[in-house]
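Structure first, commentary second.
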Amino acid sequence: TDILTKTMADHGIYAAVGQGIKAYEGVDGHVTKVVTDQGEYPADLVVTAAGIRPATGFLKGVVDLDDHGLIKINDHLQTSDTDIYAVGDATLVPFAPTGKDNRIALATNARRQGRIAAKNLLGENVPMPAVSGSSALSVFDYHFASTGVKEGTADKLGVKTASVLVTDTIRPKFVSEDAGNTKVWFKLTFDPTDGRVLGAQIMSKYDVTANINAISVAIQAKLTVADLAYTDFFFQPGFDRPWNIINLAAQKAAATLN
C-alpha cells in the first residue's frame, strides 16, 4: 500500500490515515473544514463511510438472527424456517482458507449463494461451496487483486501465517519496458507448519490480476507452496516468463519451510 499511497500523493490525493475526526466545520450549512486529532483540512464536500450492517430488523421473530443481525443459515442456505432460504451480505459464507464461516460482502458470493439456494429449493442436495474472498481494484495506473487470508487479517481470523514477497518483471529481462515489460509485486501467504496456501496479493501497472484466480483454486484445493513451486504455467515471452511469478513465490516459500 505504500506504493499506492505515493501514487495517490503524486496525483494530488493525500491519505490522512490513522487520524480521528473531531469535527466538521462549515458556514451556512455548507462544510468548509474537517478537523482531526492531527490537523485541519479545507473541504467543500465530505463523504463518510462507516461500514455496513444488515437491515434485518423486519425479520425478528420470523427467522433466527445472530447478535450482529445476520441471518443464521445452515450449509444449504436454509434459515430456521425450513421454507425460507437466505443469501447475500446479510449472511455468512464458508471461507476456504480457514474452513469456518466468515463475513465477505461480495457480489460473487451472493451469486453463488443464489444458485445454490435455487438448487436446494428445487429438491437437490447441494451444500454451499467455500469461497476465497477474491477481489480486484485499480488506483490510477496500478491494478491489484487479493484473495484469502492476509497478514493484516490473520490475527482476527485466528490463523498463523507466513508470507513471502517477490518483486520482479512480468516478462523475461530481455523484453524491454517499451515492449510491455513492467514490474510486478506478488505476496504469497501460507501456513508455516505445512505450507498450505492461505492467500495472496498481486499488483502491477500491467493487468496481471487474473493470477489471483489460480491462487483461489489452490486455496480451495488445499494445495501447498510445494505444489505451486513447479506447477505448469505456459510461457511465451510476449505473455509471461519461464517461471511464472506464482512459481517464484512458491519456490521462495518452500525454501523457508525447508
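Residues are named by chain letter and number: chains run A, B, ... in the order of the C-alpha cells, numbers start at 1 in each chain, and ligands are numbered from 1 in the order shown.
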
List every residue of segment 92-254 of chain A that DSSP, applied to the backbone, labels as strand (DSSP E or B), and write the result as number ranges by chain. A: 93-95, 100-102, 131, 135-139, 142-148, 162-169, 183-190, 196-204, 224

Written selection (C-alpha atoms) as a compact mmCIF listing (two decimals), in the first residue's frame:
```
# COMPACT_ATOMS: atom_id res chain seq x y z
CA VAL A 93 -20.24 -17.71 3.85
CA PRO A 94 -17.84 -20.64 4.29
CA PHE A 95 -14.29 -19.29 3.97
CA LYS A 100 -15.05 -21.51 9.07
CA ASP A 101 -17.90 -19.15 8.18
CA ASN A 102 -16.88 -15.57 7.55
CA VAL A 131 -15.10 -19.19 -1.21
CA SER A 135 -11.45 -9.14 -5.38
CA ALA A 136 -9.58 -6.62 -7.52
CA LEU A 137 -9.33 -2.84 -7.88
CA SER A 138 -7.36 -0.16 -9.72
CA VAL A 139 -5.74 3.05 -8.48
CA TYR A 142 -1.91 0.25 -10.84
CA HIS A 143 -4.10 -2.86 -10.89
CA PHE A 144 -4.15 -5.13 -7.86
CA ALA A 145 -6.03 -8.15 -6.57
CA SER A 146 -6.27 -10.17 -3.39
CA THR A 147 -7.63 -13.48 -2.20
CA GLY A 148 -7.78 -15.45 1.03
CA ALA A 162 3.96 -16.74 6.99
CA SER A 163 4.46 -14.73 3.81
CA VAL A 164 6.98 -14.12 1.06
CA LEU A 165 7.12 -11.09 -1.23
CA VAL A 166 8.53 -11.35 -4.75
CA THR A 167 9.23 -8.26 -6.85
CA ASP A 168 10.19 -8.94 -10.44
CA THR A 169 9.12 -8.26 -14.03
CA LYS A 183 7.34 -4.54 -12.57
CA VAL A 184 5.06 -6.83 -10.57
CA TRP A 185 4.69 -7.35 -6.82
CA PHE A 186 3.37 -10.69 -5.58
CA LYS A 187 2.87 -11.68 -1.97
CA LEU A 188 2.05 -15.28 -1.07
CA THR A 189 0.68 -16.19 2.36
CA PHE A 190 0.81 -19.75 3.69
CA ARG A 196 -0.78 -24.86 2.78
CA VAL A 197 -1.65 -21.86 0.61
CA LEU A 198 -3.83 -19.36 2.51
CA GLY A 199 -3.86 -16.23 0.36
CA ALA A 200 -2.06 -13.85 -1.98
CA GLN A 201 -1.97 -10.33 -3.36
CA ILE A 202 -0.63 -9.10 -6.70
CA MET A 203 -0.04 -5.63 -8.16
CA SER A 204 1.37 -4.18 -11.36
CA THR A 224 0.72 -26.29 -0.64
```

If you count only C-alpha atoms, which residues fall within 12 Å of Phe234 of chain A, apart from same-chain ones fewer than 3 positions away, as a PyMOL selection string? chain A and resi 230-231+237-245+247

Requested write-out: C-alpha atoms of the selected residues, as a PDB file, in the first residue's frame:
```pdb
ATOM      1  CA  TYR A 230       6.613 -26.273 -10.092  1.00  0.00           C
ATOM      2  CA  THR A 231       3.034 -26.013 -11.323  1.00  0.00           C
ATOM      3  CA  PRO A 237       7.899 -14.007 -23.965  1.00  0.00           C
ATOM      4  CA  GLY A 238       5.037 -11.815 -25.148  1.00  0.00           C
ATOM      5  CA  PHE A 239       2.818 -13.004 -22.307  1.00  0.00           C
ATOM      6  CA  ASP A 240       4.777 -14.325 -19.360  1.00  0.00           C
ATOM      7  CA  ARG A 241       8.151 -15.507 -18.071  1.00  0.00           C
ATOM      8  CA  PRO A 242       9.645 -19.047 -17.911  1.00  0.00           C
ATOM      9  CA  TRP A 243       8.900 -19.171 -14.182  1.00  0.00           C
ATOM     10  CA  ASN A 244       5.542 -17.537 -13.522  1.00  0.00           C
ATOM     11  CA  ILE A 245       5.546 -15.109 -10.598  1.00  0.00           C
ATOM     12  CA  ASN A 247       6.193 -20.284  -9.212  1.00  0.00           C
TER      13      ASN A 247
END
```

Every residue of segment 97-247 of chain A that DSSP places in helix (DSSP H, G or I), as number ranges by chain: A: 107-121, 151-157, 211-220, 225-229, 245-247

With N, CA and C atoms retained, could you export that selection as a compact mmCIF listing (two decimals), in the first residue's frame?
```txt
# COMPACT_ATOMS: atom_id res chain seq x y z
N ALA A 107 -20.37 -9.46 -4.39
CA ALA A 107 -21.44 -9.88 -5.29
C ALA A 107 -21.22 -11.30 -5.80
N THR A 108 -19.93 -11.68 -5.99
CA THR A 108 -19.65 -13.03 -6.48
C THR A 108 -20.18 -14.09 -5.52
N ASN A 109 -20.05 -13.83 -4.23
CA ASN A 109 -20.56 -14.78 -3.24
C ASN A 109 -22.07 -14.86 -3.27
N ALA A 110 -22.73 -13.70 -3.38
CA ALA A 110 -24.19 -13.68 -3.41
C ALA A 110 -24.72 -14.43 -4.63
N ARG A 111 -24.03 -14.30 -5.76
CA ARG A 111 -24.46 -15.01 -6.97
C ARG A 111 -24.36 -16.52 -6.76
N ARG A 112 -23.26 -16.96 -6.17
CA ARG A 112 -23.11 -18.40 -5.91
C ARG A 112 -24.20 -18.88 -4.95
N GLN A 113 -24.42 -18.10 -3.90
CA GLN A 113 -25.45 -18.49 -2.93
C GLN A 113 -26.82 -18.57 -3.61
N GLY A 114 -27.12 -17.60 -4.48
CA GLY A 114 -28.41 -17.62 -5.18
C GLY A 114 -28.60 -18.89 -5.98
N ARG A 115 -27.55 -19.31 -6.69
CA ARG A 115 -27.63 -20.54 -7.48
C ARG A 115 -27.81 -21.76 -6.58
N ILE A 116 -27.04 -21.81 -5.49
CA ILE A 116 -27.12 -22.97 -4.59
C ILE A 116 -28.48 -23.03 -3.90
N ALA A 117 -28.98 -21.87 -3.47
CA ALA A 117 -30.30 -21.84 -2.81
C ALA A 117 -31.38 -22.34 -3.77
N ALA A 118 -31.31 -21.92 -5.04
CA ALA A 118 -32.31 -22.35 -6.02
C ALA A 118 -32.25 -23.86 -6.23
N LYS A 119 -31.04 -24.42 -6.30
CA LYS A 119 -30.91 -25.86 -6.46
C LYS A 119 -31.56 -26.60 -5.29
N ASN A 120 -31.31 -26.11 -4.08
CA ASN A 120 -31.89 -26.77 -2.91
C ASN A 120 -33.40 -26.61 -2.85
N LEU A 121 -33.91 -25.44 -3.25
CA LEU A 121 -35.35 -25.23 -3.29
C LEU A 121 -36.02 -26.18 -4.27
N GLU A 151 -1.82 -10.98 5.91
CA GLU A 151 -1.14 -10.82 7.20
C GLU A 151 -1.95 -9.92 8.13
N GLY A 152 -2.56 -8.89 7.58
CA GLY A 152 -3.31 -7.94 8.39
C GLY A 152 -4.61 -8.48 8.93
N THR A 153 -5.13 -9.57 8.37
CA THR A 153 -6.39 -10.15 8.85
C THR A 153 -6.20 -11.47 9.57
N ALA A 154 -4.98 -11.98 9.58
CA ALA A 154 -4.73 -13.31 10.13
C ALA A 154 -5.08 -13.40 11.61
N ASP A 155 -4.68 -12.40 12.39
CA ASP A 155 -4.94 -12.44 13.83
C ASP A 155 -6.43 -12.46 14.12
N LYS A 156 -7.18 -11.63 13.40
CA LYS A 156 -8.63 -11.58 13.61
C LYS A 156 -9.28 -12.93 13.28
N LEU A 157 -8.70 -13.62 12.29
CA LEU A 157 -9.25 -14.92 11.89
C LEU A 157 -8.70 -16.06 12.73
N ASN A 211 -4.01 -13.78 -12.18
CA ASN A 211 -3.20 -14.75 -11.45
C ASN A 211 -3.82 -15.13 -10.11
N ILE A 212 -4.58 -14.19 -9.55
CA ILE A 212 -5.20 -14.44 -8.25
C ILE A 212 -6.24 -15.56 -8.35
N ASN A 213 -6.83 -15.74 -9.51
CA ASN A 213 -7.79 -16.85 -9.67
C ASN A 213 -7.10 -18.20 -9.46
N ALA A 214 -5.85 -18.31 -9.90
CA ALA A 214 -5.11 -19.55 -9.69
C ALA A 214 -4.89 -19.81 -8.20
N ILE A 215 -4.62 -18.74 -7.46
CA ILE A 215 -4.42 -18.90 -6.02
C ILE A 215 -5.73 -19.27 -5.33
N SER A 216 -6.83 -18.70 -5.79
CA SER A 216 -8.14 -19.07 -5.23
C SER A 216 -8.40 -20.56 -5.39
N VAL A 217 -8.08 -21.08 -6.58
CA VAL A 217 -8.24 -22.53 -6.81
C VAL A 217 -7.30 -23.31 -5.88
N ALA A 218 -6.07 -22.83 -5.73
CA ALA A 218 -5.11 -23.50 -4.85
C ALA A 218 -5.61 -23.56 -3.42
N ILE A 219 -6.20 -22.46 -2.96
CA ILE A 219 -6.74 -22.42 -1.59
C ILE A 219 -7.85 -23.44 -1.43
N GLN A 220 -8.79 -23.45 -2.39
CA GLN A 220 -9.93 -24.34 -2.27
C GLN A 220 -9.53 -25.81 -2.42
N VAL A 225 2.56 -24.74 -0.92
CA VAL A 225 3.53 -23.98 -1.70
C VAL A 225 4.42 -24.92 -2.50
N ALA A 226 4.65 -26.14 -1.99
CA ALA A 226 5.43 -27.13 -2.73
C ALA A 226 4.69 -27.53 -4.01
N ASP A 227 3.37 -27.63 -3.94
CA ASP A 227 2.58 -27.94 -5.13
C ASP A 227 2.70 -26.84 -6.18
N LEU A 228 2.68 -25.59 -5.73
CA LEU A 228 2.72 -24.45 -6.66
C LEU A 228 4.12 -24.16 -7.18
N ALA A 229 5.13 -24.64 -6.49
CA ALA A 229 6.51 -24.29 -6.84
C ALA A 229 6.85 -24.68 -8.28
N ILE A 245 5.32 -15.77 -11.88
CA ILE A 245 5.55 -15.11 -10.60
C ILE A 245 5.02 -15.96 -9.44
N ILE A 246 3.99 -16.76 -9.70
CA ILE A 246 3.47 -17.67 -8.67
C ILE A 246 4.50 -18.75 -8.36
N ASN A 247 5.12 -19.30 -9.43
CA ASN A 247 6.19 -20.28 -9.21
C ASN A 247 7.30 -19.71 -8.35
```

Quick one: residues within 12 Å of Gly69 of chain A, only C-alpha atoms, excluding same-chain residues fewer than 6 positions away - as a ChimeraX atom specification? /A:52-60,63,89-92

Between atom CA of Ala16 of chain A and atom CA of Asp37 of chain A, measure the distance and give it in Å to one decimal.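 Answer for the atom CA of Ala16 of chain A to atom CA of Asp37 of chain A separation: 10.9 Å.
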